[in-house]
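Student: What follows is target-v3.cif; its format and atoms are mmCIF, C-alpha atoms and all ligand atoms.
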```cif
data_data
#
loop_
_atom_site.label_atom_id
_atom_site.label_comp_id
_atom_site.auth_asym_id
_atom_site.auth_seq_id
_atom_site.Cartn_x
_atom_site.Cartn_y
_atom_site.Cartn_z
CA MET A 270 103.75 84.49 48.80
CA LYS A 271 100.51 86.43 48.43
CA THR A 272 98.08 85.06 45.86
CA ALA A 273 95.21 86.71 44.02
CA GLU A 274 92.27 88.03 46.03
CA ARG A 275 89.78 86.32 43.72
CA LEU A 276 90.93 82.91 44.93
CA LYS A 277 89.89 83.70 48.49
CA LYS A 278 86.22 83.67 47.50
CA ILE A 279 86.40 80.13 46.16
CA PRO A 280 85.34 77.41 48.58
CA PRO A 281 87.66 74.38 48.77
CA TYR A 282 86.90 71.95 45.94
CA LEU A 283 84.56 69.28 47.29
CA PHE A 284 86.44 66.30 45.95
CA MET A 285 89.82 67.53 47.15
CA GLU A 286 88.42 67.64 50.69
CA LEU A 287 86.83 64.21 50.28
CA ARG A 288 90.04 62.76 48.88
CA LYS A 289 91.96 63.99 51.95
CA LYS A 290 89.41 62.38 54.25
CA ILE A 291 89.50 59.09 52.37
CA ASN A 292 93.30 59.01 52.18
CA LYS A 293 93.58 59.61 55.90
CA ALA A 294 91.18 56.79 56.75
CA LYS A 295 92.98 54.45 54.35
CA ALA A 296 96.30 55.34 55.93
CA ASP A 297 94.72 54.31 59.26
CA GLY A 298 94.02 50.86 57.77
CA ILE A 299 90.26 51.35 57.29
CA ASP A 300 88.64 49.65 54.26
CA VAL A 301 86.94 52.72 52.85
CA ILE A 302 84.39 52.46 50.04
CA SER A 303 83.79 55.74 48.27
CA LEU A 304 80.46 56.31 46.57
CA ALA A 305 81.21 60.00 46.37
CA ILE A 306 82.85 60.62 43.03
CA GLY A 307 81.39 60.23 39.52
CA ASP A 308 84.33 58.67 37.75
CA PRO A 309 83.63 55.36 35.94
CA VAL A 310 85.89 52.51 37.05
CA GLU A 311 85.56 50.17 34.07
CA ALA A 312 88.22 50.56 31.39
CA THR A 313 87.85 52.70 28.29
CA PRO A 314 86.92 50.41 25.34
CA ASP A 315 89.87 48.78 23.53
CA SER A 316 89.15 50.33 20.13
CA ILE A 317 89.66 53.78 21.65
CA ILE A 318 92.89 52.84 23.43
CA ASP A 319 94.23 51.14 20.28
CA GLU A 320 93.61 54.26 18.23
CA LEU A 321 95.51 56.36 20.75
CA CYS A 322 98.46 53.96 20.70
CA VAL A 323 98.71 53.91 16.91
CA THR A 324 98.34 57.65 16.43
CA ALA A 325 100.68 58.47 19.32
CA ARG A 326 103.50 56.76 17.34
CA ASP A 327 103.23 59.26 14.49
CA PRO A 328 105.80 62.05 15.04
CA LEU A 329 103.53 64.49 13.21
CA ASN A 330 101.26 64.19 16.21
CA HIS A 331 104.02 65.18 18.59
CA ARG A 332 103.78 68.76 17.42
CA TYR A 333 101.18 71.31 18.49
CA PRO A 334 97.68 69.99 17.82
CA THR A 335 96.22 70.41 14.32
CA ASP A 336 93.89 73.41 14.15
CA GLU A 337 95.14 74.09 17.68
CA GLU A 338 92.47 75.66 19.87
CA LYS A 339 89.52 74.66 17.66
CA GLY A 340 90.27 70.95 17.61
CA MET A 341 90.99 68.79 14.55
CA LEU A 342 88.49 69.31 11.76
CA ALA A 343 88.08 65.51 11.56
CA PHE A 344 87.06 65.46 15.24
CA ARG A 345 84.66 68.35 14.80
CA ARG A 346 83.13 66.66 11.75
CA GLU A 347 82.59 63.50 13.77
CA VAL A 348 80.92 65.50 16.53
CA ALA A 349 78.60 67.04 13.91
CA LYS A 350 77.68 63.56 12.63
CA TRP A 351 77.07 62.35 16.16
CA TYR A 352 74.74 65.26 16.97
CA GLU A 353 72.89 64.72 13.70
CA ALA A 354 72.46 60.99 14.32
CA ARG A 355 71.63 61.09 18.01
CA TYR A 356 69.73 64.36 18.33
CA ASP A 357 68.76 65.39 14.82
CA VAL A 358 70.72 68.60 15.40
CA THR A 359 72.68 70.08 12.49
CA LEU A 360 75.98 71.76 13.34
CA ASN A 361 78.58 73.35 11.10
CA PRO A 362 81.95 71.87 12.09
CA GLU A 363 83.71 75.00 10.80
CA ASN A 364 82.22 77.50 13.21
CA GLU A 365 79.71 75.81 15.51
CA ILE A 366 81.92 73.17 17.15
CA LEU A 367 85.01 73.46 19.29
CA GLY A 368 87.09 70.64 20.82
CA LEU A 369 87.53 70.95 24.57
CA ILE A 370 89.77 69.49 27.26
CA GLY A 371 86.60 68.19 28.92
CA SER A 372 83.39 70.10 29.52
CA LYS A 373 84.79 71.53 32.76
CA GLU A 374 87.32 73.47 30.69
CA GLY A 375 84.46 74.68 28.53
CA CYS A 376 82.56 76.00 31.58
CA HIS A 377 85.54 78.01 32.67
CA HIS A 378 86.44 79.42 29.28
CA PHE A 379 82.79 80.21 28.57
CA ILE A 380 82.87 82.59 31.53
CA LEU A 381 86.10 84.24 30.38
CA ALA A 382 84.64 84.58 26.88
CA ARG A 383 81.30 86.06 27.88
CA VAL A 384 81.28 87.61 31.35
CA ASN A 385 82.66 90.99 32.40
CA PRO A 386 83.68 91.70 36.00
CA GLY A 387 80.59 92.39 38.10
CA ASP A 388 78.14 90.66 35.73
CA THR A 389 75.55 88.41 37.33
CA VAL A 390 75.65 84.75 36.32
CA LEU A 391 72.86 82.30 37.15
CA MET A 392 73.59 78.83 38.41
CA THR A 393 71.38 76.30 40.09
CA ASP A 394 71.32 75.41 43.77
CA PRO A 395 72.05 72.53 44.19
CA GLY A 396 74.53 72.60 41.32
CA TYR A 397 77.91 71.42 40.08
CA PRO A 398 80.44 73.25 42.30
CA ALA A 399 82.87 74.10 39.47
CA TYR A 400 80.35 76.61 38.05
CA ARG A 401 80.70 78.85 41.09
CA ALA A 402 84.49 78.67 40.97
CA SER A 403 84.56 79.57 37.27
CA ILE A 404 82.19 82.51 37.81
CA LEU A 405 84.30 83.80 40.69
CA ILE A 406 87.62 83.40 38.88
CA GLY A 407 86.04 85.34 36.02
CA GLU A 408 85.00 87.99 38.58
CA GLY A 409 81.34 87.52 37.87
CA VAL A 410 78.71 87.42 40.60
CA PRO A 411 76.98 84.05 41.07
CA TYR A 412 73.21 84.11 41.66
CA ASN A 413 71.69 80.87 42.90
CA VAL A 414 68.45 79.67 41.39
CA PRO A 415 66.87 77.03 43.64
CA ILE A 416 65.92 73.76 42.00
CA LEU A 417 63.43 71.94 44.18
CA PRO A 418 61.92 68.45 44.20
CA GLN A 419 58.38 69.82 43.80
CA ASN A 420 59.48 71.38 40.46
CA ASN A 421 61.26 68.22 39.30
CA TYR A 422 64.52 70.01 40.11
CA LEU A 423 64.03 72.47 37.25
CA PRO A 424 64.39 76.24 37.73
CA VAL A 425 61.20 78.27 37.67
CA PHE A 426 62.09 81.26 35.52
CA ALA A 427 59.06 83.25 36.70
CA ASP A 428 60.52 83.18 40.23
CA ILE A 429 63.71 84.99 39.18
CA PRO A 430 63.14 88.66 40.05
CA THR A 431 63.05 90.89 36.95
CA ASP A 432 65.63 93.30 38.37
CA VAL A 433 68.02 90.35 38.78
CA ALA A 434 67.26 88.90 35.34
CA LYS A 435 68.07 92.27 33.76
CA LYS A 436 71.60 92.14 35.21
CA VAL A 437 72.30 88.58 34.13
CA THR A 438 74.68 87.98 31.22
CA ALA A 439 75.14 84.22 31.44
CA MET A 440 73.64 81.08 32.90
CA PHE A 441 74.78 77.53 33.63
CA LEU A 442 72.36 74.63 33.39
CA ASN A 443 72.95 70.90 33.47
CA TYR A 444 70.34 68.22 32.67
CA PRO A 445 70.56 65.23 33.15
CA ASN A 446 71.53 66.92 36.34
CA ASN A 447 74.42 66.52 38.67
CA PRO A 448 73.69 66.10 41.55
CA THR A 449 69.93 65.37 41.44
CA GLY A 450 69.70 63.05 38.41
CA ALA A 451 66.77 65.13 37.12
CA CYS A 452 66.14 65.41 33.38
CA ALA A 453 64.76 68.29 31.35
CA ASN A 454 62.05 68.08 28.71
CA MET A 455 61.47 69.98 25.48
CA TYR A 456 58.84 72.22 27.05
CA PHE A 457 61.40 73.39 29.60
CA LEU A 458 64.13 73.86 26.97
CA ASN A 459 61.83 76.04 24.87
CA GLU A 460 61.02 78.11 27.95
CA LEU A 461 64.75 78.44 28.63
CA VAL A 462 65.41 79.79 25.13
CA GLU A 463 62.60 82.33 25.57
CA PHE A 464 63.89 83.44 28.97
CA ALA A 465 67.44 83.80 27.62
CA ARG A 466 66.23 85.72 24.58
CA THR A 467 64.13 88.10 26.68
CA TYR A 468 67.05 89.11 28.91
CA ASP A 469 69.94 88.60 26.45
CA ILE A 470 71.44 85.83 28.55
CA ALA A 471 74.07 83.49 27.09
CA VAL A 472 73.21 79.92 28.08
CA CYS A 473 75.93 77.41 28.83
CA TYR A 474 74.02 74.13 28.80
CA ASP A 475 76.47 71.69 30.26
CA ASN A 476 75.39 68.25 29.07
CA PRO A 477 78.09 65.66 29.88
CA TYR A 478 75.44 63.17 31.10
CA SER A 479 73.34 63.44 27.94
CA GLU A 480 73.78 59.71 27.24
CA ILE A 481 73.24 58.43 30.78
CA VAL A 482 69.48 58.02 31.01
CA PHE A 483 67.43 55.00 32.06
CA ALA A 484 64.47 53.23 30.50
CA GLY A 485 61.53 55.50 29.80
CA GLN A 486 63.62 58.69 29.82
CA GLU A 487 64.02 60.60 26.57
CA ARG A 488 67.57 61.61 25.60
CA ILE A 489 67.61 65.30 24.66
CA SER A 490 69.98 68.11 23.78
CA PHE A 491 69.50 71.82 24.45
CA LEU A 492 70.27 72.39 20.77
CA MET A 493 67.02 70.61 19.84
CA ALA A 494 65.08 73.62 21.14
CA LYS A 495 64.10 76.12 18.45
CA GLY A 496 66.43 79.13 18.57
CA ALA A 497 68.87 77.49 21.02
CA LYS A 498 71.84 78.38 18.84
CA ASP A 499 70.85 82.06 18.99
CA VAL A 500 71.19 82.15 22.76
CA GLY A 501 73.85 79.68 23.78
CA ILE A 502 76.06 76.67 23.55
CA GLU A 503 75.89 73.10 24.71
CA LEU A 504 78.95 71.48 26.25
CA ASN A 505 79.34 67.75 25.99
CA SER A 506 82.06 65.32 26.89
CA LEU A 507 83.44 61.87 26.21
CA SER A 508 84.25 61.43 29.90
CA LYS A 509 81.06 59.82 31.14
CA PRO A 510 79.61 57.89 28.17
CA PHE A 511 82.89 56.27 27.11
CA ASN A 512 84.64 56.01 30.50
CA MET A 513 87.20 58.57 29.39
CA CYS A 514 87.30 60.99 32.34
CA GLY A 515 91.09 60.98 32.46
CA TRP A 516 91.52 61.54 28.74
CA ARG A 517 90.12 65.05 28.90
CA LEU A 518 88.07 65.38 25.76
CA GLY A 519 84.84 67.23 25.16
CA MET A 520 83.16 69.70 22.86
CA ALA A 521 81.30 73.01 22.80
CA CYS A 522 78.56 73.29 20.18
CA GLY A 523 76.19 76.03 19.14
CA ASN A 524 76.31 79.81 18.86
CA PRO A 525 79.16 80.75 16.46
CA ASP A 526 79.98 84.02 18.27
CA LEU A 527 80.40 82.23 21.59
CA ILE A 528 82.37 79.45 19.91
CA ALA A 529 84.71 82.03 18.34
CA ALA A 530 85.10 83.86 21.66
CA ILE A 531 85.93 80.66 23.60
CA SER A 532 88.30 79.70 20.81
CA LYS A 533 90.10 83.02 21.27
CA VAL A 534 90.51 82.35 25.00
CA LYS A 535 91.86 78.87 24.25
CA GLU A 536 94.22 80.18 21.57
CA ASN A 537 95.86 82.23 24.29
CA THR A 538 95.66 79.62 27.02
CA ASP A 539 96.04 75.95 26.14
CA SER A 540 96.66 75.54 22.39
CA GLY A 541 94.24 72.65 22.16
CA ILE A 542 94.11 68.87 22.61
CA PHE A 543 96.79 66.25 21.77
CA ASN A 544 95.84 64.95 18.29
CA PRO A 545 95.89 61.23 19.25
CA ILE A 546 93.31 61.89 21.96
CA GLN A 547 91.08 63.51 19.37
CA SER A 548 91.65 60.55 16.99
CA ALA A 549 90.70 58.20 19.81
CA GLY A 550 87.63 60.37 20.40
CA ILE A 551 86.64 59.97 16.75
CA LYS A 552 86.80 56.20 17.22
CA ALA A 553 84.61 56.44 20.33
CA LEU A 554 81.96 58.49 18.54
CA GLN A 555 82.03 56.22 15.48
CA LYS A 556 82.11 52.80 17.09
CA GLU A 557 81.26 52.68 20.74
CA GLU A 558 77.54 53.30 21.01
CA PRO A 559 77.08 49.67 22.17
CA PHE A 560 79.48 50.40 25.02
CA ILE A 561 77.17 53.18 26.27
CA LYS A 562 74.27 50.72 26.26
CA LYS A 563 76.35 48.19 28.16
CA MET A 564 77.27 50.74 30.82
CA ILE A 565 73.67 51.89 31.22
CA THR A 566 72.66 48.28 31.90
CA ILE A 567 75.41 48.06 34.53
CA TYR A 568 74.38 51.35 36.17
CA GLY A 569 70.74 50.29 36.02
CA LYS A 570 71.47 47.15 38.03
CA ARG A 571 73.51 49.09 40.57
CA ARG A 572 70.71 51.63 40.88
CA GLU A 573 68.25 48.85 41.67
CA LEU A 574 70.56 47.41 44.30
CA VAL A 575 70.99 50.77 46.05
CA LEU A 576 67.27 51.56 45.91
CA LYS A 577 66.44 48.12 47.33
CA THR A 578 68.88 48.59 50.20
CA LEU A 579 67.65 52.09 50.95
CA LYS A 580 64.09 50.79 51.06
CA LYS A 581 65.14 48.19 53.63
CA ILE A 582 66.52 50.95 55.88
CA GLY A 583 63.35 53.03 55.53
CA ILE A 584 64.37 55.41 52.71
CA ASN A 585 61.79 54.98 50.00
CA PHE A 586 61.65 57.38 47.05
CA ASN A 587 61.18 57.53 43.32
CA PRO A 588 64.37 58.92 41.77
CA PRO A 589 64.60 60.76 38.45
CA LYS A 590 66.04 58.78 35.55
CA GLY A 591 69.26 60.52 34.58
CA THR A 592 72.98 60.29 35.42
CA PHE A 593 74.80 57.65 37.44
CA TYR A 594 73.98 59.47 40.69
CA LEU A 595 71.20 58.94 43.17
CA TRP A 596 70.05 61.99 45.10
CA VAL A 597 68.82 60.41 48.29
CA PRO A 598 66.71 62.02 51.03
CA VAL A 599 68.32 61.56 54.45
CA PRO A 600 66.37 60.02 57.34
CA LYS A 601 64.07 62.41 59.21
CA GLY A 602 65.71 64.35 62.03
CA MET A 603 69.17 64.30 60.49
CA THR A 604 71.07 66.84 58.42
CA SER A 605 72.95 65.87 55.27
CA LEU A 606 76.25 66.20 57.02
CA GLU A 607 75.14 64.24 60.08
CA PHE A 608 74.00 61.35 57.90
CA THR A 609 77.16 61.50 55.76
CA ASN A 610 79.35 61.43 58.87
CA ARG A 611 77.31 58.67 60.46
CA LEU A 612 77.64 56.54 57.32
CA PHE A 613 81.36 57.11 57.28
CA ASP A 614 81.93 56.51 60.99
CA LYS A 615 79.76 53.37 61.18
CA THR A 616 80.36 51.75 57.78
CA ALA A 617 83.40 53.47 56.21
CA VAL A 618 81.22 54.29 53.21
CA VAL A 619 81.79 57.77 51.82
CA VAL A 620 78.97 59.67 50.14
CA ALA A 621 78.72 63.35 49.20
CA ALA A 622 76.62 65.53 51.53
CA GLY A 623 73.92 67.40 49.60
CA THR A 624 75.02 70.71 51.08
CA ALA A 625 78.30 70.44 49.16
CA TYR A 626 76.16 71.39 46.13
CA GLY A 627 74.41 74.37 47.74
CA GLN A 628 72.06 75.21 50.59
CA TYR A 629 69.10 73.56 48.84
CA GLY A 630 71.03 70.32 48.93
CA GLU A 631 70.23 70.13 52.66
CA GLY A 632 68.28 66.98 53.42
CA PHE A 633 70.01 64.92 50.71
CA ILE A 634 73.12 62.92 50.01
CA ARG A 635 74.50 61.98 46.60
CA ILE A 636 75.47 58.38 45.87
CA SER A 637 77.53 57.63 42.79
CA LEU A 638 77.14 54.31 40.97
CA THR A 639 80.63 54.37 39.47
CA VAL A 640 82.10 51.70 41.73
CA PRO A 641 82.76 48.03 40.96
CA ASP A 642 79.71 45.81 41.55
CA LYS A 643 81.41 43.87 44.31
CA ARG A 644 82.35 47.00 46.24
CA LEU A 645 78.89 48.46 45.86
CA LYS A 646 77.39 45.20 47.19
CA GLU A 647 79.79 45.32 50.13
CA ALA A 648 78.84 48.97 50.81
CA MET A 649 75.13 48.14 50.68
CA ASP A 650 75.60 45.13 52.99
CA ARG A 651 77.34 47.33 55.52
CA ILE A 652 74.65 50.00 55.31
CA GLU A 653 71.84 47.47 55.64
CA LYS A 654 73.47 45.85 58.64
CA GLU A 655 74.03 49.17 60.39
CA PHE A 656 70.75 50.93 59.64
CA LYS A 657 68.16 48.17 59.21
CA GLN A 658 65.11 49.11 61.20
C1 LIG B 1 77.86 68.78 35.55
C2 LIG B 1 79.26 68.45 35.19
N1 LIG B 1 79.89 69.19 34.26
C3 LIG B 1 81.15 68.91 33.91
C4 LIG B 1 81.84 67.87 34.47
C5 LIG B 1 83.25 67.64 34.03
O1 LIG B 1 83.27 66.84 32.89
P1 LIG B 1 84.57 66.68 32.00
O2 LIG B 1 85.26 65.45 32.45
O3 LIG B 1 84.06 66.59 30.62
O4 LIG B 1 85.40 67.90 32.21
C6 LIG B 1 81.25 67.08 35.44
C7 LIG B 1 81.99 65.99 36.09
O5 LIG B 1 81.65 65.43 37.08
C8 LIG B 1 79.91 67.37 35.81
O6 LIG B 1 79.28 66.65 36.73
#
```
Would you mind writing the file out in structure tokens?
Tutor:
Amino acid sequence: MKTAERLKKIPPYLFMELRKKINKAKADGIDVISLAIGDPVEATPDSIIDELCVTARDPLNHRYPTDEEKGMLAFRREVAKWYEARYDVTLNPENEILGLIGSKEGCHHFILARVNPGDTVLMTDPGYPAYRASILIGEGVPYNVPILPQNNYLPVFADIPTDVAKKVTAMFLNYPNNPTGACANMYFLNELVEFARTYDIAVCYDNPYSEIVFAGQERISFLMAKGAKDVGIELNSLSKPFNMCGWRLGMACGNPDLIAAISKVKENTDSGIFNPIQSAGIKALQKEEPFIKKMITIYGKRRELVLKTLKKIGINFNPPKGTFYLWVPVPKGMTSLEFTNRLFDKTAVVVAAGTAYGQYGEGFIRISLTVPDKRLKEAMDRIEKEFKQ
């Protein structure tokens, strides 16, 4: 059966390829430790699970979701309270918030809601691979903006040629950043709003790691920048802060026209989120801030362990303070892929090669801290033994 031409342009999804590799090694009896995927392993907090169980028993919830594509008003109100309390950002739950099946869904539907075939869409290199796929499925044209260590992994808007900027209709950004761990600051966010305003670019600020920052790093939202709501939306998600990746729950917040447009796409696509998942999400937002703190302490300790091990094998660097990833320079004389393969062949530890995130990811690997402590320790022991100088 022939399938659509647009799919041919999409590179294979990084994690699908990795999963195949891991499964094959496991089938061969190898004790593989994967540090490649950002998917927390500790359970979702009990209060959230309990709320799901109770609400799932109500037959009213077995029907199409309340308020369908927009998400339950109670969920949207809770999101508004959360943004007010955590970021001092005021949002109208009626028209500035939309429930999502995770922020990844939001990225995709943002493109369908904003971009016409042939429009240029900016994304960063390195960057989250799903952006490119969404742009291509929407028949937009991705334009890579390098984010480099010397610029703290932030785009330099002045380096984007004016003739390109004039053709751009949308832009993806993500800080705290996957894969580099870099964080934005208010100066940068204000610049972003100005750039977007100048060229009439709709910003999709994808912020699922907003809560995962370490000591000394300010927690910020794009919507804190003056005029942000005029030029874009922020996506957020319950996946990473509350260990709810599998639940599929997130939110889009900001510009009412974009929110209405995404809502229209959803109305004709997915009909929204199972009510009990939204009720569970309300519980998370209301009650589980201490859980976020607990997880940050856990990730902080794992970060220290990895950095200590890397130092012992001659990789010494000062990482940015966001996300549960470490963006690690590879030893001199090796490419990202060579180092990734060497790690796998010699220690059965899987990491993501930097080039999976774009050409400017060359020279780096990404290590995820979402593995049980014991397994991470085992991985670090193996790496130290193999590579100690
Ligand atoms: C930058 C970025 N955006 C979106 C997502 C997907 O998040 P969600 O589970 O909310 O769809 C991820 C997941 O790894 C991510 O790294």
Student: When distances are computed from only C-alpha atoms, which of A:Ala497, A:Val599, A:Ile561, A:Ala434 shows the smallest separation from A:Asp469?
Tutor: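 Closest to A:Asp469 of all the choices is A:Ala434.
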Student: Find the residue from A:Ala521, A:Ile279, A:Val462, A:Ile652 that sits nearest to ligand LIG 1 (chain B); use all atoms listed in the file when measuring.
Tutor: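 Of all the options, A:Ala521 lies closest to ligand LIG 1 (chain B).
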Student: For ligand LIG 1 (chain B), collect every residue having any atom at a distance of at most 7 Å from a ligand atom (counting all atoms listed in the file); output as a PyMOL selection string.
Tutor: chain A and resi 307+370-374+397+443+446-447+475-477+505-508+514+517-519
Student: Under the rule of at most 12 Å, produce a per-residue listing of stretch 529-588 of chain A near stretch 403-426 of chain A: chain, number, name, the closest pair of atoms, and the distance in Å, as CSV, using all atoms listed in the file.
Tutor:
```
residue,atom,partner,partner_atom,distance
A:Phe586,CA,A:Pro418,CA,11.4
A:Asn587,CA,A:Pro418,CA,11.0
A:Pro588,CA,A:Asn421,CA,10.1
```
Student: Can you tell me which residues surround A:Ala471 at a distance of at most 7 Å, considering only C-alpha atoms, apart from same-chain residues fewer than 5 positions away, and format the answer as a list in words?
Tutor: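 Residues near the query, excluding close chain neighbours: Thr438, Ala439, Met440, Ala465, Val500 and Gly501 of chain A.
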Student: Quick one: residues within 10 Å of A:Glu487, all atoms listed in the file counted, chain neighbours fewer than 4 positions away excluded, as a PyMOL selection string?
Tutor: chain A and resi 452-455+479-480+482-483+590-591
Student: May I have the residues from that selection written out with C-alpha atoms, as a PDB file, in the frame of the given file?
Tutor:
```pdb
ATOM      1  CA  CYS A 452      66.140  65.410  33.380  1.00  0.00           C
ATOM      2  CA  ALA A 453      64.760  68.290  31.350  1.00  0.00           C
ATOM      3  CA  ASN A 454      62.050  68.080  28.710  1.00  0.00           C
ATOM      4  CA  MET A 455      61.470  69.980  25.480  1.00  0.00           C
ATOM      5  CA  SER A 479      73.340  63.440  27.940  1.00  0.00           C
ATOM      6  CA  GLU A 480      73.780  59.710  27.240  1.00  0.00           C
ATOM      7  CA  VAL A 482      69.480  58.020  31.010  1.00  0.00           C
ATOM      8  CA  PHE A 483      67.430  55.000  32.060  1.00  0.00           C
ATOM      9  CA  LYS A 590      66.040  58.780  35.550  1.00  0.00           C
ATOM     10  CA  GLY A 591      69.260  60.520  34.580  1.00  0.00           C
TER      11      GLY A 591
END
```
Student: Of the residues A:Asn361, A:Gln555, A:Asn459, A:Thr389, which is the one nearest to A:Cys522, using all atoms listed in the file?
Tutor: A:Asn361
Student: How many Å lie between atom CA of A:Arg644 and atom CA of A:Phe613, rounded to one decimal?
Tutor: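 Between these atoms lies a distance of 15.0 Å.
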Student: What does the distance from atom CA of A:Lys435 to atom CA of A:Tyr468 come to in Å, to one decimal?
Tutor: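 Here the two named atoms are 5.9 Å from each other.
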Student: At most 12 Å from (78.7, 44.9, 45.9), file frame, only C-alpha atoms: which residues, as a list in words?
Tutor: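 So the residues meeting the distance criterion are Ile302, Leu304, Lys570, Arg571, Arg572, Glu573, Leu574, Val575, Thr578, Leu638, Thr639, Val640, Pro641, Asp642, Lys643, Arg644, Leu645, Lys646, Glu647, Ala648, Met649, Asp650, Arg651 and Ile652 of chain A.
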Student: Restricting the calculation to all atoms listed in the file: of A:Lys293, A:Arg326, A:Lys498, A:Lys654, which residue gets closest to A:Cys473?
Tutor: A:Lys498
Student: Given all atoms listed in the file as the basis, pick out the residue of A:Ile565, A:Ile582, A:Met270, A:Leu287 nearest to A:Val618.
Tutor: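 Of A:Ile565, A:Ile582, A:Met270, A:Leu287, the one nearest A:Val618 is A:Leu287, counting all atoms listed in the file.
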Student: Around stretch 369-380 of chain A, with edges along x, y and z and 5 Å added on all six sides, what centre and edge lengths do you get, in Å to one decimal, as AutoDock Vina command-line options?
Tutor:
```
--center_x 86.2 --center_y 75.4 --center_z 28.7 --size_x 17.2 --size_y 24.4 --size_z 18.2
```
Student: Go through A:Val597, A:Met513, A:Gly541, A:Ala553 and flag the residue nearest A:Thr313, using all atoms listed in the file for the distances.
Tutor: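 Ranking A:Val597, A:Met513, A:Gly541, A:Ala553 by distance to A:Thr313, first place goes to A:Met513.
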Student: When you look at A:Val437 with a cut-off of 8 Å (counting only C-alpha atoms), what residues show up, excluding the ones that are within fewer than 4 positions of it in the same chain? I need them as a list in words.
Tutor: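 Counting only C-alpha atoms, the residues come to Asp388, Thr389, Val390, Leu391, Val433, Tyr468 and Ile470 of chain A.
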Student: In Å, how far is it from atom CA of A:Met603 to atom CA of A:Ile634?
Tutor: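 Going from atom CA of A:Met603 over to atom CA of A:Ile634, I get 11.3 Å.
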